[in-house]
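The structure appears below as structure tokens.
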Amino acid sequence: MGASPITFRHDRRPGDDQLIVDLHRLGYAVEGDRFGPPFWDFVAETVAEAQLDQPSRSRVWFAEMDGKAVGCSALVDRGEVGQLRWVVLLPKARGTGVGRKLVDLALDHARSCGHREVFLETTDGLASSMAIYEKVGFETTDAHVERLWHGDGVHVTMTLKL
């Protein structure tokens with residue numbers, strides 16, 4: 001018996017903002033203590049800042065298996081450029097191509113919005129995510145140590161010209 005099929009949605013539903021936070025809590029649990037409660041608070045702050053409930057070109061995609069979210073990604077409209085945000089997968093969905101599909105959906109949307117550039121911000125130690133970003137053409141444009149939600153860490157900015 002094979003794995004359940006993965007479906008993707010981008011329609012907004014009640015509770016989606018909290019779902020983004022929950023996916024980060026569950027998806028990053030295997031990455032260690034630096035992705036604990038202060039990280040969840042940071043994600044909640046970034047979701048609130050994006051004002052996803054306001055009409056804009058911003059969009060969030062959820063990957064679902066058996067009707068339950070197993071991952072997400074977003075394209076946040078920043079005017080002239082787009083920001084790739086909240087790319088996360090639960091461990092059971094990793095290695096299936098779903099992460100790449102979520103990134104591709106966001107980048108396709110950025111192109112349809114007329115963005116000529118997309119940037120993302122991440123931190124060190126996330127090899128699987130970095131591999132996807134590099135494979136689609138993102139290049140590191142800045143990496144420096146700064147105060148993050150868990151203390152000092154490497155803040156990485158990557159950029160993709162569309």
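All residue names refer to the structure tokens as shown: chains lettered A, B, ... in order, residues numbered from 1 in each chain, ligands numbered from 1 in order.
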
Residue contacts of region 56-60 of chain A (10 Å, only C-alpha atoms) excluding same-chain residues fewer than 3 positions away, as a ChimeraX atom specification: /A:9-12,16-17,20,50-53,72-79,82-87,102,105-106,109-110,112-113

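Those residues that approach Thr122 (chain A) to within 7 Å, counting only C-alpha atoms, are His155, Val156 and Thr157 of chain A; same-chain residues fewer than 5 positions away are not listed.
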
Which of chain A fall in strand (DSSP E), as a PyMOL selection string: chain A and resi 6-9+59-65+68-78+81-89+117-123+139-148+151-161

Spatial neighbours of region 29-35 of chain A, 12 Å, only C-alpha atoms, chain gap at least 6 places, as a list in words: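 After dropping sequence-adjacent residues, the list is Val21, Asp22, Leu23, Asp41, Phe42, Val43, Val88, Leu89, Leu90, Pro91, Lys92, Thr123, Asp124, Gly125, Leu126, Ala127, Ser128, Leu148, Trp149, His150, Gly151, Asp152 and Gly153 of chain A.
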
Can you write just those residues out, N, CA, C and O atoms, as a PDB file, in the first residue's frame?
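Produced file part_29.pdb, reproduced below:
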```pdb
ATOM      1  N   VAL A  21       2.176  28.426  12.304  1.00  0.00           N
ATOM      2  CA  VAL A  21       2.991  28.323  13.524  1.00  0.00           C
ATOM      3  C   VAL A  21       3.094  26.863  13.975  1.00  0.00           C
ATOM      4  O   VAL A  21       4.188  26.374  14.303  1.00  0.00           O
ATOM      5  N   ASP A  22       1.970  26.156  13.969  1.00  0.00           N
ATOM      6  CA  ASP A  22       1.968  24.749  14.406  1.00  0.00           C
ATOM      7  C   ASP A  22       2.865  23.886  13.520  1.00  0.00           C
ATOM      8  O   ASP A  22       3.578  23.001  14.015  1.00  0.00           O
ATOM      9  N   LEU A  23       2.838  24.130  12.212  1.00  0.00           N
ATOM     10  CA  LEU A  23       3.702  23.369  11.308  1.00  0.00           C
ATOM     11  C   LEU A  23       5.177  23.625  11.617  1.00  0.00           C
ATOM     12  O   LEU A  23       5.995  22.704  11.559  1.00  0.00           O
ATOM     13  N   ASP A  41       7.194  31.807  18.749  1.00  0.00           N
ATOM     14  CA  ASP A  41       6.739  33.194  18.923  1.00  0.00           C
ATOM     15  C   ASP A  41       7.210  34.066  17.755  1.00  0.00           C
ATOM     16  O   ASP A  41       6.457  34.913  17.260  1.00  0.00           O
ATOM     17  N   PHE A  42       8.459  33.852  17.322  1.00  0.00           N
ATOM     18  CA  PHE A  42       9.001  34.605  16.190  1.00  0.00           C
ATOM     19  C   PHE A  42       8.164  34.344  14.935  1.00  0.00           C
ATOM     20  O   PHE A  42       7.810  35.279  14.206  1.00  0.00           O
ATOM     21  N   VAL A  43       7.838  33.082  14.671  1.00  0.00           N
ATOM     22  CA  VAL A  43       7.026  32.750  13.496  1.00  0.00           C
ATOM     23  C   VAL A  43       5.657  33.425  13.601  1.00  0.00           C
ATOM     24  O   VAL A  43       5.179  34.023  12.633  1.00  0.00           O
ATOM     25  N   VAL A  88       8.237  24.879   5.314  1.00  0.00           N
ATOM     26  CA  VAL A  88       8.426  23.860   6.350  1.00  0.00           C
ATOM     27  C   VAL A  88       7.646  22.605   5.969  1.00  0.00           C
ATOM     28  O   VAL A  88       6.582  22.691   5.355  1.00  0.00           O
ATOM     29  N   LEU A  89       8.196  21.463   6.326  1.00  0.00           N
ATOM     30  CA  LEU A  89       7.548  20.167   6.105  1.00  0.00           C
ATOM     31  C   LEU A  89       7.633  19.340   7.371  1.00  0.00           C
ATOM     32  O   LEU A  89       8.656  19.358   8.062  1.00  0.00           O
ATOM     33  N   LEU A  90       6.587  18.604   7.648  1.00  0.00           N
ATOM     34  CA  LEU A  90       6.657  17.631   8.736  1.00  0.00           C
ATOM     35  C   LEU A  90       7.571  16.491   8.288  1.00  0.00           C
ATOM     36  O   LEU A  90       7.671  16.204   7.087  1.00  0.00           O
ATOM     37  N   PRO A  91       8.241  15.839   9.228  1.00  0.00           N
ATOM     38  CA  PRO A  91       9.183  14.774   8.853  1.00  0.00           C
ATOM     39  C   PRO A  91       8.580  13.708   7.933  1.00  0.00           C
ATOM     40  O   PRO A  91       9.267  13.236   7.025  1.00  0.00           O
ATOM     41  N   LYS A  92       7.326  13.355   8.106  1.00  0.00           N
ATOM     42  CA  LYS A  92       6.738  12.289   7.280  1.00  0.00           C
ATOM     43  C   LYS A  92       6.582  12.681   5.815  1.00  0.00           C
ATOM     44  O   LYS A  92       6.399  11.814   4.965  1.00  0.00           O
ATOM     45  N   THR A 123      18.440  30.450   8.480  1.00  0.00           N
ATOM     46  CA  THR A 123      19.568  30.341   9.395  1.00  0.00           C
ATOM     47  C   THR A 123      20.390  29.113   9.023  1.00  0.00           C
ATOM     48  O   THR A 123      19.953  28.278   8.223  1.00  0.00           O
ATOM     49  N   ASP A 124      21.565  29.028   9.573  1.00  0.00           N
ATOM     50  CA  ASP A 124      22.458  27.915   9.252  1.00  0.00           C
ATOM     51  C   ASP A 124      21.943  26.606   9.832  1.00  0.00           C
ATOM     52  O   ASP A 124      21.060  26.581  10.683  1.00  0.00           O
ATOM     53  N   GLY A 125      22.479  25.507   9.319  1.00  0.00           N
ATOM     54  CA  GLY A 125      22.163  24.196   9.857  1.00  0.00           C
ATOM     55  C   GLY A 125      20.943  23.524   9.265  1.00  0.00           C
ATOM     56  O   GLY A 125      20.516  22.484   9.755  1.00  0.00           O
ATOM     57  N   LEU A 126      20.361  24.088   8.215  1.00  0.00           N
ATOM     58  CA  LEU A 126      19.162  23.513   7.594  1.00  0.00           C
ATOM     59  C   LEU A 126      19.507  23.049   6.175  1.00  0.00           C
ATOM     60  O   LEU A 126      19.064  23.617   5.180  1.00  0.00           O
ATOM     61  N   ALA A 127      20.307  21.987   6.093  1.00  0.00           N
ATOM     62  CA  ALA A 127      20.883  21.536   4.826  1.00  0.00           C
ATOM     63  C   ALA A 127      19.830  21.170   3.783  1.00  0.00           C
ATOM     64  O   ALA A 127      19.983  21.502   2.604  1.00  0.00           O
ATOM     65  N   SER A 128      18.758  20.510   4.181  1.00  0.00           N
ATOM     66  CA  SER A 128      17.736  20.098   3.211  1.00  0.00           C
ATOM     67  C   SER A 128      17.071  21.304   2.567  1.00  0.00           C
ATOM     68  O   SER A 128      16.862  21.338   1.351  1.00  0.00           O
ATOM     69  N   LEU A 148      19.328  36.127  17.308  1.00  0.00           N
ATOM     70  CA  LEU A 148      18.101  35.518  16.807  1.00  0.00           C
ATOM     71  C   LEU A 148      17.226  35.125  17.992  1.00  0.00           C
ATOM     72  O   LEU A 148      17.533  35.453  19.139  1.00  0.00           O
ATOM     73  N   TRP A 149      16.152  34.439  17.761  1.00  0.00           N
ATOM     74  CA  TRP A 149      15.198  34.045  18.799  1.00  0.00           C
ATOM     75  C   TRP A 149      15.821  33.150  19.858  1.00  0.00           C
ATOM     76  O   TRP A 149      15.334  33.080  20.964  1.00  0.00           O
ATOM     77  N   HIS A 150      16.909  32.456  19.537  1.00  0.00           N
ATOM     78  CA  HIS A 150      17.535  31.505  20.459  1.00  0.00           C
ATOM     79  C   HIS A 150      18.868  31.999  20.993  1.00  0.00           C
ATOM     80  O   HIS A 150      19.555  31.282  21.697  1.00  0.00           O
ATOM     81  N   GLY A 151      19.254  33.204  20.628  1.00  0.00           N
ATOM     82  CA  GLY A 151      20.570  33.725  20.972  1.00  0.00           C
ATOM     83  C   GLY A 151      21.305  34.046  19.685  1.00  0.00           C
ATOM     84  O   GLY A 151      20.693  34.218  18.633  1.00  0.00           O
ATOM     85  N   ASP A 152      22.636  34.086  19.748  1.00  0.00           N
ATOM     86  CA  ASP A 152      23.399  34.400  18.550  1.00  0.00           C
ATOM     87  C   ASP A 152      23.327  33.243  17.560  1.00  0.00           C
ATOM     88  O   ASP A 152      23.448  32.068  17.927  1.00  0.00           O
ATOM     89  N   GLY A 153      23.128  33.590  16.295  1.00  0.00           N
ATOM     90  CA  GLY A 153      23.069  32.603  15.226  1.00  0.00           C
ATOM     91  C   GLY A 153      23.378  33.262  13.900  1.00  0.00           C
ATOM     92  O   GLY A 153      23.495  34.484  13.808  1.00  0.00           O
TER      93      GLY A 153
END
```

Would you kindly return, as a tab-separated table (two decimals) with C-alpha atoms, in the first residue's frame, each protein, DNA or RNA residue with an atom no farther than 10 Å from any atom of Ile132 (chain A), considering only C-alpha atoms and excluding same-chain residues fewer than 3 positions away?
```
chain	number	residue	atom	x	y	z
A	97	GLY	CA	9.43	16.31	-3.51
A	99	GLY	CA	9.20	20.85	-0.31
A	100	ARG	CA	10.36	21.61	-3.84
A	101	LYS	CA	6.75	21.77	-5.04
A	103	VAL	CA	8.82	26.46	-3.27
A	104	ASP	CA	7.90	26.20	-6.97
A	127	ALA	CA	20.88	21.54	4.83
A	128	SER	CA	17.74	20.10	3.21
A	129	SER	CA	16.12	23.51	2.84
A	135	LYS	CA	18.73	23.98	-6.73
A	136	VAL	CA	16.09	26.50	-7.87
A	137	GLY	CA	18.75	29.21	-8.22
A	138	PHE	CA	18.83	31.17	-4.96
```

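Picture a line from CA of Gly71 (chain A) to CA of Ala131 (chain A); it runs 17.0 Å.
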
Distance criterion (only C-alpha atoms): nearest to Thr46 (chain A) out of A:Pro5, A:Gly15, A:Glu121, A:Phe62: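 Among A:Pro5, A:Gly15, A:Glu121, A:Phe62, it is A:Glu121 that comes nearest to Thr46 (chain A).
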
Å distance separating CA of Met158 (chain A) from CA of Met130 (chain A), one decimal place: 9.6 Å

CA of Gly114 (chain A) to CA of Thr141 (chain A), distance in Å rounded to a single decimal: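 For CA of Gly114 (chain A) relative to CA of Thr141 (chain A), the distance reads 21.6 Å.
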
All alpha helix (DSSP H) positions in chain A, as number ranges by chain: A: 16-27, 37-50, 98-112, 127-135
